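For reference, work_35.txt is printed below; it contains compact mmCIF, C-alpha atoms.
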```
# COMPACT_ATOMS: atom_id res chain seq x y z
CA MET A 1 0.00 0.00 0.00
CA ILE A 2 1.34 3.43 -0.97
CA LYS A 3 2.10 5.79 1.90
CA LYS A 4 -0.09 8.87 1.93
CA GLN A 5 1.90 11.80 0.58
CA ILE A 6 2.60 15.31 1.85
CA ILE A 7 2.60 17.86 -0.97
CA THR A 8 3.93 21.39 -0.64
CA ILE A 9 3.03 23.94 -3.29
CA ALA A 10 5.69 26.63 -3.51
CA GLY A 11 3.87 29.66 -4.82
CA GLY A 12 0.74 28.41 -3.10
CA GLY A 13 -1.12 31.66 -3.74
CA SER A 14 -0.96 31.17 -7.50
CA THR A 15 -4.23 31.09 -9.42
CA TYR A 16 -3.04 27.78 -10.91
CA THR A 17 -3.11 26.07 -7.49
CA PRO A 18 -6.79 24.97 -7.65
CA GLY A 19 -6.16 23.19 -10.95
CA ILE A 20 -3.27 21.28 -9.44
CA ILE A 21 -5.27 20.35 -6.35
CA GLN A 22 -8.25 19.25 -8.43
CA ALA A 23 -5.93 16.97 -10.42
CA VAL A 24 -4.48 15.59 -7.17
CA LEU A 25 -7.97 14.83 -5.86
CA ASN A 26 -9.01 13.25 -9.16
CA ASN A 27 -6.03 10.91 -8.92
CA ALA A 28 -6.22 10.02 -5.23
CA ASN A 29 -5.92 6.30 -6.01
CA ARG A 30 -2.52 6.89 -7.67
CA LEU A 31 -1.39 9.75 -5.42
CA PRO A 32 -2.90 9.21 -1.95
CA LEU A 33 -2.75 12.36 0.12
CA SER A 34 -2.41 13.13 3.82
CA GLU A 35 -1.53 16.82 3.73
CA ILE A 36 -1.35 19.88 1.50
CA ARG A 37 0.89 22.79 2.47
CA LEU A 38 0.67 26.14 0.70
CA TYR A 39 3.92 28.10 0.88
CA ASP A 40 4.03 31.69 -0.32
CA ILE A 41 5.77 34.90 0.70
CA ASP A 42 2.55 36.83 0.06
CA PRO A 43 0.37 36.05 3.10
CA GLN A 44 -2.82 37.57 1.67
CA ARG A 45 -2.70 35.56 -1.56
CA ASN A 46 -1.82 32.45 0.40
CA GLU A 47 -4.72 32.99 2.80
CA ASP A 48 -7.13 33.49 -0.12
CA MET A 49 -5.96 30.25 -1.70
CA TYR A 50 -6.10 28.41 1.63
CA LEU A 51 -9.81 29.26 1.86
CA ILE A 52 -10.43 28.11 -1.71
CA ILE A 53 -8.54 24.81 -1.31
CA GLN A 54 -10.20 24.16 2.05
CA TYR A 55 -13.56 24.70 0.33
CA MET A 56 -12.57 22.30 -2.48
CA LEU A 57 -11.49 19.57 -0.05
CA LYS A 58 -14.76 19.79 1.87
CA LYS A 59 -16.83 19.88 -1.35
CA GLU A 60 -15.02 16.81 -2.75
CA GLY A 61 -15.29 14.88 0.52
CA PHE A 62 -11.57 14.88 1.40
CA THR A 63 -12.16 15.89 5.01
CA ASP A 64 -9.25 13.73 6.24
CA VAL A 65 -6.66 15.70 4.23
CA MET A 66 -4.89 18.36 6.28
CA ILE A 67 -4.49 21.80 4.70
CA SER A 68 -2.22 24.61 5.93
CA SER A 69 -0.71 27.84 4.65
CA THR A 70 2.61 29.22 5.79
CA GLU A 71 5.36 31.73 5.05
CA ASP A 72 7.89 29.69 7.04
CA PRO A 73 10.09 27.41 4.89
CA LYS A 74 10.85 25.00 7.74
CA THR A 75 7.13 24.44 8.33
CA ALA A 76 6.47 24.21 4.61
CA PHE A 77 9.10 21.68 3.61
CA THR A 78 10.03 19.51 6.60
CA GLY A 79 9.00 15.93 5.91
CA CYS A 80 7.20 16.62 2.62
CA ASP A 81 7.32 14.14 -0.28
CA PHE A 82 6.71 16.39 -3.29
CA ILE A 83 7.20 20.08 -3.92
CA PHE A 84 5.23 21.56 -6.81
CA SER A 85 7.04 24.79 -7.62
CA GLN A 86 5.23 27.59 -9.44
CA ILE A 87 6.67 30.76 -7.95
CA ARG A 88 6.51 34.16 -9.67
CA VAL A 89 9.19 36.36 -8.17
CA GLY A 90 7.97 39.96 -8.17
CA GLY A 91 4.38 38.99 -8.88
CA MET A 92 2.20 40.45 -11.60
CA LYS A 93 3.47 43.99 -10.99
CA MET A 94 6.93 42.98 -12.17
CA ARG A 95 5.50 40.92 -15.02
CA GLU A 96 3.83 44.11 -16.22
CA LYS A 97 7.24 45.82 -16.31
CA ASP A 98 8.78 42.82 -18.10
CA GLU A 99 6.21 43.31 -20.84
CA LYS A 100 5.98 47.10 -21.06
CA ILE A 101 9.64 48.14 -20.87
CA PRO A 102 10.67 46.24 -24.04
CA LEU A 103 7.49 47.35 -25.86
CA ASN A 104 8.38 50.98 -25.18
CA HIS A 105 11.57 50.33 -27.18
CA GLY A 106 9.76 48.58 -30.04
CA LEU A 107 10.71 45.09 -28.86
CA VAL A 108 8.66 42.03 -27.91
CA GLY A 109 7.15 42.37 -24.44
CA GLN A 110 6.47 38.88 -23.09
CA GLU A 111 6.88 37.16 -19.74
CA THR A 112 9.15 34.25 -20.78
CA CYS A 113 10.45 35.24 -24.23
CA GLY A 114 12.63 38.13 -25.30
CA LEU A 115 14.10 40.61 -22.85
CA GLY A 116 11.05 40.44 -20.59
CA GLY A 117 11.78 36.74 -20.20
CA PHE A 118 15.41 37.51 -19.41
CA ALA A 119 14.40 40.06 -16.77
CA TYR A 120 12.04 37.50 -15.25
CA GLY A 121 14.80 34.89 -15.44
CA MET A 122 17.16 37.06 -13.40
CA ARG A 123 14.48 37.31 -10.70
CA SER A 124 13.41 33.66 -10.89
CA MET A 125 16.91 32.26 -10.47
CA GLY A 126 17.26 33.77 -7.01
CA GLY A 127 13.77 32.75 -5.94
CA LEU A 128 14.01 29.16 -7.12
CA LEU A 129 17.55 28.66 -5.80
CA GLU A 130 16.24 29.74 -2.41
CA ILE A 131 13.43 27.15 -2.62
CA VAL A 132 15.83 24.39 -3.67
CA GLY A 133 18.14 25.35 -0.79
CA TYR A 134 15.29 25.00 1.68
CA VAL A 135 14.38 21.60 0.27
CA GLN A 136 17.98 20.39 0.52
CA LYS A 137 17.94 21.45 4.17
CA TYR A 138 14.48 20.28 5.28
CA ALA A 139 13.46 17.51 2.84
CA PRO A 140 16.49 16.33 0.83
CA GLU A 141 14.72 13.17 -0.39
CA ALA A 142 11.70 15.03 -1.73
CA TRP A 143 11.17 15.53 -5.46
CA ILE A 144 10.78 19.08 -6.76
CA LEU A 145 8.49 19.22 -9.79
CA ASN A 146 9.10 22.61 -11.30
CA TYR A 147 6.79 24.82 -13.35
CA THR A 148 8.63 28.04 -12.46
CA ASN A 149 9.58 30.02 -15.58
CA PRO A 150 11.68 30.66 -17.61
CA GLU A 151 12.39 26.95 -17.35
CA SER A 152 15.62 26.65 -19.36
CA ILE A 153 17.22 29.50 -17.44
CA VAL A 154 16.19 28.42 -13.95
CA SER A 155 17.05 24.77 -14.55
CA GLU A 156 20.53 25.79 -15.71
CA ALA A 157 20.95 27.87 -12.54
CA VAL A 158 19.84 25.03 -10.26
CA ARG A 159 22.14 22.61 -12.05
CA LYS A 160 25.04 24.98 -11.37
CA GLN A 161 24.39 25.46 -7.65
CA TYR A 162 22.65 22.21 -6.69
CA PRO A 163 23.74 19.56 -9.22
CA LYS A 164 22.36 16.69 -7.11
CA ALA A 165 18.94 18.23 -6.41
CA LYS A 166 16.04 15.90 -7.17
CA MET A 167 14.24 18.24 -9.52
CA ILE A 168 12.27 17.71 -12.72
CA ASN A 169 11.53 20.66 -15.00
CA ALA A 170 8.47 20.56 -17.22
CA CYS A 171 6.29 22.90 -19.25
CA ASP A 172 2.67 22.18 -20.09
CA MET A 173 2.72 24.18 -23.33
CA THR A 174 3.29 21.12 -25.52
CA ILE A 175 0.29 19.40 -23.91
CA SER A 176 -1.81 22.52 -24.53
CA ILE A 177 -0.74 22.58 -28.19
CA GLU A 178 -1.49 18.88 -28.65
CA GLU A 179 -4.88 19.10 -26.94
CA THR A 180 -5.87 22.14 -29.02
CA ILE A 181 -4.88 20.40 -32.27
CA ALA A 182 -6.64 17.17 -31.30
CA VAL A 183 -9.89 18.93 -30.33
CA ASN A 184 -9.92 20.99 -33.53
CA TYR A 185 -9.15 18.23 -36.00
CA GLY A 186 -10.90 15.21 -34.50
CA TYR A 187 -8.08 13.24 -32.88
CA ASP A 188 -7.71 11.71 -29.43
CA ARG A 189 -4.45 12.96 -27.90
CA LYS A 190 -4.34 9.96 -25.58
CA ASN A 191 -3.48 7.83 -28.63
CA TRP A 192 -0.48 9.98 -29.56
CA ILE A 193 3.24 9.36 -29.17
CA PRO A 194 4.73 12.74 -30.13
CA THR A 195 8.39 13.40 -30.89
CA TYR A 196 9.58 16.93 -30.26
CA TYR A 197 12.84 18.78 -29.71
CA GLY A 198 13.95 22.27 -28.82
CA LEU A 199 14.41 24.57 -25.89
CA ASN A 200 11.66 25.66 -23.53
CA HIS A 201 9.01 27.61 -25.53
CA PHE A 202 11.28 27.17 -28.54
CA GLY A 203 10.83 23.88 -30.38
CA TRP A 204 9.29 21.72 -33.11
CA TYR A 205 7.39 18.45 -33.52
CA THR A 206 9.00 15.97 -35.87
CA SER A 207 6.27 13.31 -35.71
CA ILE A 208 3.01 12.50 -33.95
CA TYR A 209 2.39 8.76 -34.10
CA ASP A 210 -1.23 7.79 -33.51
CA LYS A 211 -1.45 4.32 -31.93
CA LYS A 212 -5.07 3.79 -32.95
CA LEU A 213 -4.61 4.92 -36.55
CA LYS A 214 -1.19 3.20 -36.68
CA LYS A 215 0.51 6.04 -38.53
CA ASP A 216 2.28 9.38 -38.19
CA VAL A 217 -0.51 11.96 -38.35
CA MET A 218 1.79 15.00 -38.40
CA PRO A 219 1.69 15.45 -42.23
CA GLU A 220 -2.11 15.62 -42.26
CA ILE A 221 -2.11 17.95 -39.23
CA ILE A 222 0.29 20.27 -41.06
CA GLU A 223 -2.06 20.26 -44.03
CA LYS A 224 -4.98 21.16 -41.75
CA LEU A 225 -2.99 23.84 -39.93
CA THR A 226 -2.22 25.58 -43.21
CA THR A 227 -5.77 25.42 -44.61
CA LYS A 228 -8.26 25.39 -41.71
CA GLU A 229 -8.62 27.90 -38.90
CA MET A 230 -7.92 26.45 -35.47
CA LYS A 231 -9.95 27.54 -32.44
CA VAL A 232 -8.56 27.56 -28.92
CA ALA A 233 -9.56 24.66 -26.71
CA GLU A 234 -12.15 25.05 -23.97
CA PHE A 235 -9.61 25.84 -21.24
CA ASN A 236 -8.42 28.93 -23.20
CA GLU A 237 -11.83 30.12 -24.40
CA GLY A 238 -12.56 33.80 -23.95
CA ASP A 239 -8.87 34.73 -24.11
CA LYS A 240 -8.22 36.49 -27.41
CA THR A 241 -4.44 36.40 -26.93
CA TRP A 242 -4.45 32.60 -27.14
CA GLN A 243 -6.55 32.70 -30.29
CA GLU A 244 -4.02 35.11 -31.80
CA ALA A 245 -1.19 32.78 -30.76
CA PHE A 246 -2.75 29.81 -32.53
CA ASN A 247 -3.44 31.97 -35.58
CA MET A 248 0.27 32.76 -35.67
CA MET A 249 1.05 29.07 -35.33
CA SER A 250 -0.69 28.59 -38.67
CA VAL A 251 1.39 31.41 -40.18
CA ILE A 252 4.61 29.75 -38.99
CA THR A 253 3.49 26.38 -40.36
CA ARG A 254 2.59 27.83 -43.77
CA ASN A 255 6.04 29.42 -44.09
CA PHE A 256 7.98 26.48 -42.60
CA PRO A 257 5.81 23.41 -43.33
CA GLN A 258 8.31 20.70 -42.44
CA ASN A 259 7.34 20.69 -38.73
CA ILE A 260 4.64 21.72 -36.30
CA PRO A 261 6.10 24.62 -34.27
CA ASN A 262 5.68 25.63 -30.67
CA ASN A 263 3.57 28.77 -31.02
CA TYR A 264 5.94 30.75 -28.79
CA LEU A 265 8.28 30.83 -31.79
CA GLU A 266 6.21 33.75 -33.08
CA TYR A 267 8.11 36.00 -30.66
CA TYR A 268 11.41 35.14 -32.34
CA LEU A 269 10.48 34.57 -35.98
CA TYR A 270 7.83 37.30 -36.30
CA SER A 271 8.76 39.77 -33.59
CA ASP A 272 7.77 42.73 -35.79
CA MET A 273 4.22 41.38 -36.21
CA VAL A 274 3.94 40.73 -32.48
CA VAL A 275 5.00 44.28 -31.62
CA GLU A 276 2.69 45.81 -34.25
CA LYS A 277 -0.42 44.25 -32.70
CA ALA A 278 0.64 44.78 -29.06
CA ASP A 279 -0.94 47.42 -26.82
CA LYS A 280 1.87 49.11 -24.88
CA ASN A 281 -0.55 50.30 -22.23
CA TYR A 282 -2.54 47.10 -21.67
CA THR A 283 -0.50 43.91 -21.87
CA ARG A 284 -1.08 40.30 -20.96
CA ALA A 285 -0.22 41.07 -17.31
CA ASN A 286 -3.10 43.53 -17.13
CA MET A 287 -5.45 40.94 -18.64
CA VAL A 288 -4.44 38.37 -16.02
CA MET A 289 -4.76 40.87 -13.15
CA ASN A 290 -8.21 41.93 -14.34
CA GLY A 291 -9.26 38.36 -15.14
CA ARG A 292 -7.89 35.30 -13.37
CA GLU A 293 -6.44 37.21 -10.39
CA LYS A 294 -9.60 39.24 -9.80
CA ASN A 295 -11.77 36.14 -10.20
CA THR A 296 -9.75 34.27 -7.56
CA LYS A 297 -9.97 37.17 -5.13
CA GLU A 298 -13.74 37.33 -5.55
CA MET A 299 -14.10 33.61 -4.84
CA ALA A 300 -12.09 33.92 -1.61
CA GLU A 301 -14.24 36.87 -0.52
CA LYS A 302 -17.42 34.88 -1.12
CA ILE A 303 -16.11 32.09 1.10
CA ARG A 304 -15.22 34.60 3.82
CA SER A 305 -18.69 36.08 3.71
CA GLY A 306 -20.33 32.66 4.11
CA VAL A 307 -21.71 32.07 0.62
CA THR A 308 -22.72 28.42 0.46
CA GLU A 309 -23.62 27.76 -3.19
CA ASP A 310 -21.03 26.49 -5.66
CA ILE A 311 -18.66 29.42 -6.05
CA LEU A 312 -15.74 27.80 -7.86
CA ASN A 313 -15.19 29.28 -11.30
CA PHE A 314 -12.05 27.77 -12.82
CA ASN A 315 -11.18 26.36 -16.21
CA PHE A 316 -8.41 23.99 -15.23
CA GLY A 317 -7.02 22.71 -18.55
CA GLU A 318 -4.09 20.27 -18.57
CA HIS A 319 -1.72 22.24 -16.30
CA GLY A 320 -2.53 20.43 -13.06
CA GLN A 321 -2.92 16.96 -14.56
CA TYR A 322 0.53 17.12 -16.16
CA ILE A 323 2.40 17.77 -12.92
CA VAL A 324 0.31 15.19 -11.05
CA ASP A 325 1.09 12.59 -13.73
CA MET A 326 4.79 13.27 -13.16
CA ALA A 327 4.37 12.70 -9.43
CA THR A 328 2.45 9.44 -9.89
CA SER A 329 4.96 8.20 -12.45
CA LEU A 330 7.73 8.72 -9.88
CA LEU A 331 5.75 7.29 -6.99
CA ASN A 332 4.41 4.20 -8.79
CA ASP A 333 7.21 3.66 -11.34
CA GLU A 334 4.69 4.13 -14.15
CA ARG A 335 7.33 5.14 -16.73
CA GLN A 336 5.01 7.60 -18.43
CA ARG A 337 6.35 9.67 -21.31
CA PHE A 338 6.57 13.47 -21.00
CA MET A 339 8.22 16.45 -22.68
CA LEU A 340 10.87 17.49 -20.14
CA ILE A 341 13.60 20.08 -19.84
CA VAL A 342 16.88 18.24 -19.33
CA PRO A 343 20.65 18.60 -19.90
CA ASN A 344 21.23 17.69 -23.54
CA GLN A 345 24.13 15.27 -23.10
CA GLY A 346 23.63 13.86 -26.60
CA ALA A 347 19.82 13.78 -26.70
CA ILE A 348 20.09 16.15 -29.68
CA PRO A 349 23.29 14.74 -31.20
CA ASN A 350 24.58 17.82 -33.05
CA LEU A 351 23.77 20.39 -30.36
CA ARG A 352 26.24 21.34 -27.63
CA SER A 353 26.06 18.77 -24.84
CA ASP A 354 25.72 21.32 -22.04
CA ALA A 355 22.57 22.91 -23.50
CA VAL A 356 19.31 22.63 -21.54
CA VAL A 357 16.82 21.15 -24.01
CA GLU A 358 13.19 20.03 -24.14
CA VAL A 359 12.77 16.47 -25.43
CA PRO A 360 10.62 13.40 -24.74
CA ALA A 361 11.60 11.47 -21.62
CA TYR A 362 10.30 8.71 -19.40
CA ILE A 363 9.78 9.17 -15.66
CA GLY A 364 10.07 6.18 -13.33
CA ALA A 365 11.02 5.52 -9.74
CA ALA A 366 14.68 6.34 -10.44
CA GLY A 367 13.90 9.67 -12.09
CA VAL A 368 14.15 10.93 -15.67
CA GLU A 369 15.37 8.97 -18.71
CA PRO A 370 15.57 11.26 -21.78
CA ILE A 371 14.96 9.82 -25.24
CA SER A 372 17.70 10.64 -27.76
CA LEU A 373 16.90 11.66 -31.32
CA ARG A 374 17.91 9.20 -34.02
CA GLU A 375 19.25 11.87 -36.38
CA PRO A 376 20.93 15.30 -36.19
CA ILE A 377 18.64 18.33 -36.40
CA ASN A 378 18.66 20.65 -39.42
CA ASP A 379 20.85 23.74 -39.67
CA PHE A 380 17.94 26.21 -39.45
CA HIS A 381 16.73 24.89 -36.11
CA LYS A 382 20.27 24.29 -34.86
CA GLY A 383 21.30 27.86 -35.65
CA LEU A 384 18.28 29.33 -33.88
CA MET A 385 18.82 27.09 -30.86
CA GLU A 386 22.58 27.65 -30.58
CA ALA A 387 22.08 31.41 -30.42
CA GLN A 388 19.34 31.10 -27.81
CA VAL A 389 21.36 28.64 -25.71
CA ALA A 390 24.36 30.96 -25.74
CA ALA A 391 22.23 33.95 -24.72
CA GLU A 392 20.64 32.01 -21.85
CA LYS A 393 24.00 30.72 -20.61
CA LEU A 394 25.42 34.24 -20.65
CA LEU A 395 22.46 35.41 -18.57
CA VAL A 396 23.00 32.64 -16.00
CA ASP A 397 26.69 33.53 -15.84
CA ALA A 398 25.74 37.19 -15.38
CA TYR A 399 23.59 36.23 -12.39
CA PHE A 400 26.26 34.14 -10.66
CA GLU A 401 29.18 36.44 -11.49
CA GLY A 402 27.36 39.76 -11.03
CA SER A 403 28.60 40.66 -14.50
CA TYR A 404 27.05 43.63 -16.31
CA GLN A 405 29.11 42.76 -19.40
CA LYS A 406 27.68 39.24 -19.65
CA ALA A 407 24.15 40.53 -19.05
CA LEU A 408 24.64 43.00 -21.92
CA GLN A 409 25.96 40.21 -24.14
CA ALA A 410 22.94 38.07 -23.26
CA PHE A 411 20.49 40.88 -23.99
CA THR A 412 22.25 41.69 -27.27
CA LEU A 413 22.27 38.07 -28.43
CA ASN A 414 18.57 37.52 -27.65
CA GLN A 415 16.92 36.95 -31.02
CA THR A 416 14.14 39.48 -30.44
CA VAL A 417 16.76 42.27 -30.29
CA PRO A 418 18.05 44.00 -33.46
CA ASN A 419 21.15 45.74 -32.07
CA ALA A 420 23.35 46.30 -29.02
CA ARG A 421 22.24 49.91 -28.59
CA VAL A 422 18.64 49.05 -27.78
CA ALA A 423 19.78 46.01 -25.77
CA LYS A 424 21.78 48.31 -23.49
CA LYS A 425 18.89 50.76 -23.10
CA VAL A 426 16.50 48.00 -22.04
CA LEU A 427 19.08 46.37 -19.76
CA ASP A 428 19.72 49.63 -17.94
CA GLU A 429 15.99 50.21 -17.45
CA MET A 430 15.51 46.65 -16.26
CA ILE A 431 18.33 47.04 -13.73
CA GLU A 432 16.61 50.11 -12.31
CA ALA A 433 13.20 48.40 -12.24
CA ASN A 434 14.58 45.23 -10.60
CA LYS A 435 16.76 46.74 -7.88
CA GLU A 436 14.87 44.77 -5.25
CA TYR A 437 15.34 41.43 -7.04
CA TRP A 438 18.47 41.26 -9.21
CA PRO A 439 22.02 40.81 -7.93
CA GLU A 440 24.19 43.88 -8.38
CA LEU A 441 25.80 43.89 -11.84
CA VAL A 442 29.21 45.56 -12.17
```
Give the structure from this file in structure tokens form.
Amino acid sequence: MIKKQIITIAGGGSTYTPGIIQAVLNNANRLPLSEIRLYDIDPQRNEDMYLIIQYMLKKEGFTDVMISSTEDPKTAFTGCDFIFSQIRVGGMKMREKDEKIPLNHGLVGQETCGLGGFAYGMRSMGGLLEIVGYVQKYAPEAWILNYTNPESIVSEAVRKQYPKAKMINACDMTISIEETIAVNYGYDRKNWIPTYYGLNHFGWYTSIYDKKLKKDVMPEIIEKLTTKEMKVAEFNEGDKTWQEAFNMMSVITRNFPQNIPNNYLEYYLYSDMVVEKADKNYTRANMVMNGREKNTKEMAEKIRSGVTEDILNFNFGEHGQYIVDMATSLLNDERQRFMLIVPNQGAIPNLRSDAVVEVPAYIGAAGVEPISLREPINDFHKGLMEAQVAAEKLLVDAYFEGSYQKALQAFTLNQTVPNARVAKKVLDEMIEANKEYWPELV
């Protein structure tokens, strides 16, 4: 019989927490639960989420599961089995600056891509390294399942400082892409064995084998992507930015029809189009603050005021299920296949071995086993990836060395940036905006 698990959610106040908890509850036979701990440095957000999760547990009949919220790392991590990490250092206020500062210079303003992603990365490295340090101290045998962005950058930083940490880095974007394609074009994603390579938010599908149809369905999906409009799946309905992203995915596929792209590639391949349609004064951060964040706050307030009818209003999507599947695969040695962010070490044979890449991998009781590609990747993808890898490594070095010069090199090399002059202007503004979060760069 499997021991009941203690799960700590780092970044417990996140609006994604209910989706994760719902997935945990839905999979209680595979991931039996004794306790949920919400850890967050923002006590108000954590208290709001505590009320919501407590309400969910009662509604679902899990009255024997303990729930707590804390700002104390010792209380949060001591004796826990899994840490689900989804921290956002600086919160939505800093995300807004990540997006608006580059846009004011005519560059892509996005939370994980471009210079906004690099600014976020400089904050996230410190926050996640702190979490990993606490886990090494209070629960060294626990697994950290990390959703904290930007994934390639933070995983490189953790590998540098804590090379033996038991941490798995994953992004649910590939699952979201696959689910959206399947829903639109009449497939069942559960029958798929996809092959994909790249960096986080920067990659391509090379095949999607359908076990039921007994063939690679990627060629026919490419044909559909280039000729039929694709609508966002239910979990992204009502969000026009996601519809625009999938529209751009069709543009990328029409121009480069050999592969299905990750739609985040629009920020690198079509940065001018992205900037042209962006609103400098009302970015994605504002949409989230006025949407998901406000909605969560209102739910917590209803619980406080004693409302008894069903108040939960979430569209969970695949985010929570993906991280729970990773936990159950570890716990039960299920050897499920995921897209994971791992050290390359030959998985992509003609890419530098110390790159942090996103490729298919199995998870079992012993951890992660990446699947190596059979053939080298093409020069177009390799060139794009090599430049991005170099820029990300320079940024990580800048963080650890406190090097302004390496930060400037990283910002200049980022593929959303046309020249060093504008790279320096944005870097200097980001340094001023992030005084509270970045290490001093000299």
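Separating CA of Ala391 (chain A) from CA of Tyr268 (chain A) is a distance of 13.3 Å.
Atom pair CA of Glu71 (chain A) / CA of Lys137 (chain A) has a distance of 16.3 Å (rounded to one decimal).
Across the structure, CA of Lys228 (chain A) and CA of Ile260 (chain A) are spaced 14.5 Å apart.
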Taking (14.5, 16.6, 1.2) in the file's coordinates, which residues come within 8 Å, counting only C-alpha atoms, written as an MDAnalysis selection string?
chainID A and resid 77:81 135:143
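Taking all atoms listed in the file, the non-local environment of Thr180 (chain A) within 8 Å (same-chain residues fewer than 2 positions away omitted) comprises Ser176, Ile177, Glu178, Ala182, Val183, Asn184, Lys231, Val232 and Ala233 of chain A.
Neighbouring residues of region 286-299 of chain A at 8 Å or closer, counting all atoms listed in the file and skipping chain neighbours under 2 positions away, are A:Thr15, A:Asp48, A:Ile52, A:Met92, A:Glu96, A:Tyr282, A:Thr283, A:Arg284, A:Glu301, A:Lys302, A:Ile303, A:Ile311, A:Leu312, A:Asn313.
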Restricting it to C-alpha atoms, dump the selection as a JSON list (two decimals), in the frame of the given file.
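Written output follows (selection.json):
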```
[["chain", "number", "residue", "atom", "x", "y", "z"],
["A", 15, "THR", "CA", -4.23, 31.09, -9.42],
["A", 48, "ASP", "CA", -7.13, 33.49, -0.12],
["A", 52, "ILE", "CA", -10.43, 28.11, -1.71],
["A", 92, "MET", "CA", 2.20, 40.45, -11.60],
["A", 96, "GLU", "CA", 3.83, 44.11, -16.22],
["A", 282, "TYR", "CA", -2.54, 47.10, -21.67],
["A", 283, "THR", "CA", -0.50, 43.91, -21.87],
["A", 284, "ARG", "CA", -1.08, 40.30, -20.96],
["A", 301, "GLU", "CA", -14.24, 36.87, -0.52],
["A", 302, "LYS", "CA", -17.42, 34.88, -1.12],
["A", 303, "ILE", "CA", -16.11, 32.09, 1.10],
["A", 311, "ILE", "CA", -18.66, 29.42, -6.05],
["A", 312, "LEU", "CA", -15.74, 27.80, -7.86],
["A", 313, "ASN", "CA", -15.19, 29.28, -11.30]]
```
Need the shell around Asn350 (chain A): protein/DNA/RNA residues with any atom at most 12 Å away, counting all atoms listed in the file. Skip same-chain ones fewer than 6 positions apart. Format as a JSON list (two decimals) with C-alpha atoms, in the frame of the given file?
```json
[["chain", "number", "residue", "atom", "x", "y", "z"],
["A", 344, "ASN", "CA", 21.23, 17.69, -23.54],
["A", 372, "SER", "CA", 17.70, 10.64, -27.76],
["A", 373, "LEU", "CA", 16.90, 11.66, -31.32],
["A", 374, "ARG", "CA", 17.91, 9.20, -34.02],
["A", 375, "GLU", "CA", 19.25, 11.87, -36.38],
["A", 376, "PRO", "CA", 20.93, 15.30, -36.19],
["A", 377, "ILE", "CA", 18.64, 18.33, -36.40],
["A", 378, "ASN", "CA", 18.66, 20.65, -39.42],
["A", 379, "ASP", "CA", 20.85, 23.74, -39.67],
["A", 381, "HIS", "CA", 16.73, 24.89, -36.11],
["A", 382, "LYS", "CA", 20.27, 24.29, -34.86],
["A", 383, "GLY", "CA", 21.30, 27.86, -35.65],
["A", 385, "MET", "CA", 18.82, 27.09, -30.86],
["A", 386, "GLU", "CA", 22.58, 27.65, -30.58]]
```
Smallest atom-to-atom distance to Ile193 (chain A): which of A:Lys424, A:Lys4, A:Arg337, A:Arg159, using only C-alpha atoms?
A:Arg337
Return the single residue from A:Gln110, A:Arg335, A:Val357, A:Ile53 that is closest to Ser155 (chain A), with distances computed using all atoms listed in the file.
A:Val357
Given the point (17.3, 10.6, -26.7) in the coordinates of this file, which residues lie within 8 Å, counting only C-alpha atoms, and how would they look as a list in words?
Gly346, Ala347, Ile348, Val359, Pro360, Ala361, Pro370, Ile371, Ser372, Leu373 and Arg374 of chain A
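The residue that comes closest to Ile168 (chain A), out of A:Tyr197, A:Tyr362, A:Tyr39, A:Phe256 and on the basis of only C-alpha atoms, is A:Tyr362.
Counting all atoms listed in the file, Leu330 (chain A) has the following residues at most 8 Å away, ignoring those fewer than 2 positions along the same chain: A:Met326, A:Ala327, A:Thr328, A:Asn332, A:Asp333, A:Glu334, A:Arg335, A:Ile363, A:Gly364, A:Ala365, A:Ala366, A:Gly367.
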Neighbour list for Ile144 (chain A) as a PDB file with C-alpha atoms, keeping the file's coordinate frame, cut-off 9 Å, all atoms listed in the file, skip fewer than 6 positions in-chain:
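Final output, part-v8.pdb:
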```pdb
ATOM      1  CA  ASP A  81       7.320  14.140  -0.280  1.00  0.00           C
ATOM      2  CA  PHE A  82       6.710  16.390  -3.290  1.00  0.00           C
ATOM      3  CA  ILE A  83       7.200  20.080  -3.920  1.00  0.00           C
ATOM      4  CA  PHE A  84       5.230  21.560  -6.810  1.00  0.00           C
ATOM      5  CA  SER A  85       7.040  24.790  -7.620  1.00  0.00           C
ATOM      6  CA  VAL A 132      15.830  24.390  -3.670  1.00  0.00           C
ATOM      7  CA  VAL A 135      14.380  21.600   0.270  1.00  0.00           C
ATOM      8  CA  ALA A 165      18.940  18.230  -6.410  1.00  0.00           C
ATOM      9  CA  LYS A 166      16.040  15.900  -7.170  1.00  0.00           C
ATOM     10  CA  MET A 167      14.240  18.240  -9.520  1.00  0.00           C
ATOM     11  CA  ILE A 168      12.270  17.710 -12.720  1.00  0.00           C
ATOM     12  CA  ASN A 169      11.530  20.660 -15.000  1.00  0.00           C
TER      13      ASN A 169
END
```
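Considering the residues A:Glu276, A:Lys3, A:Ala300, A:Asn104 and counting only C-alpha atoms, Tyr50 (chain A) has its shortest atom-to-atom contact with A:Ala300.
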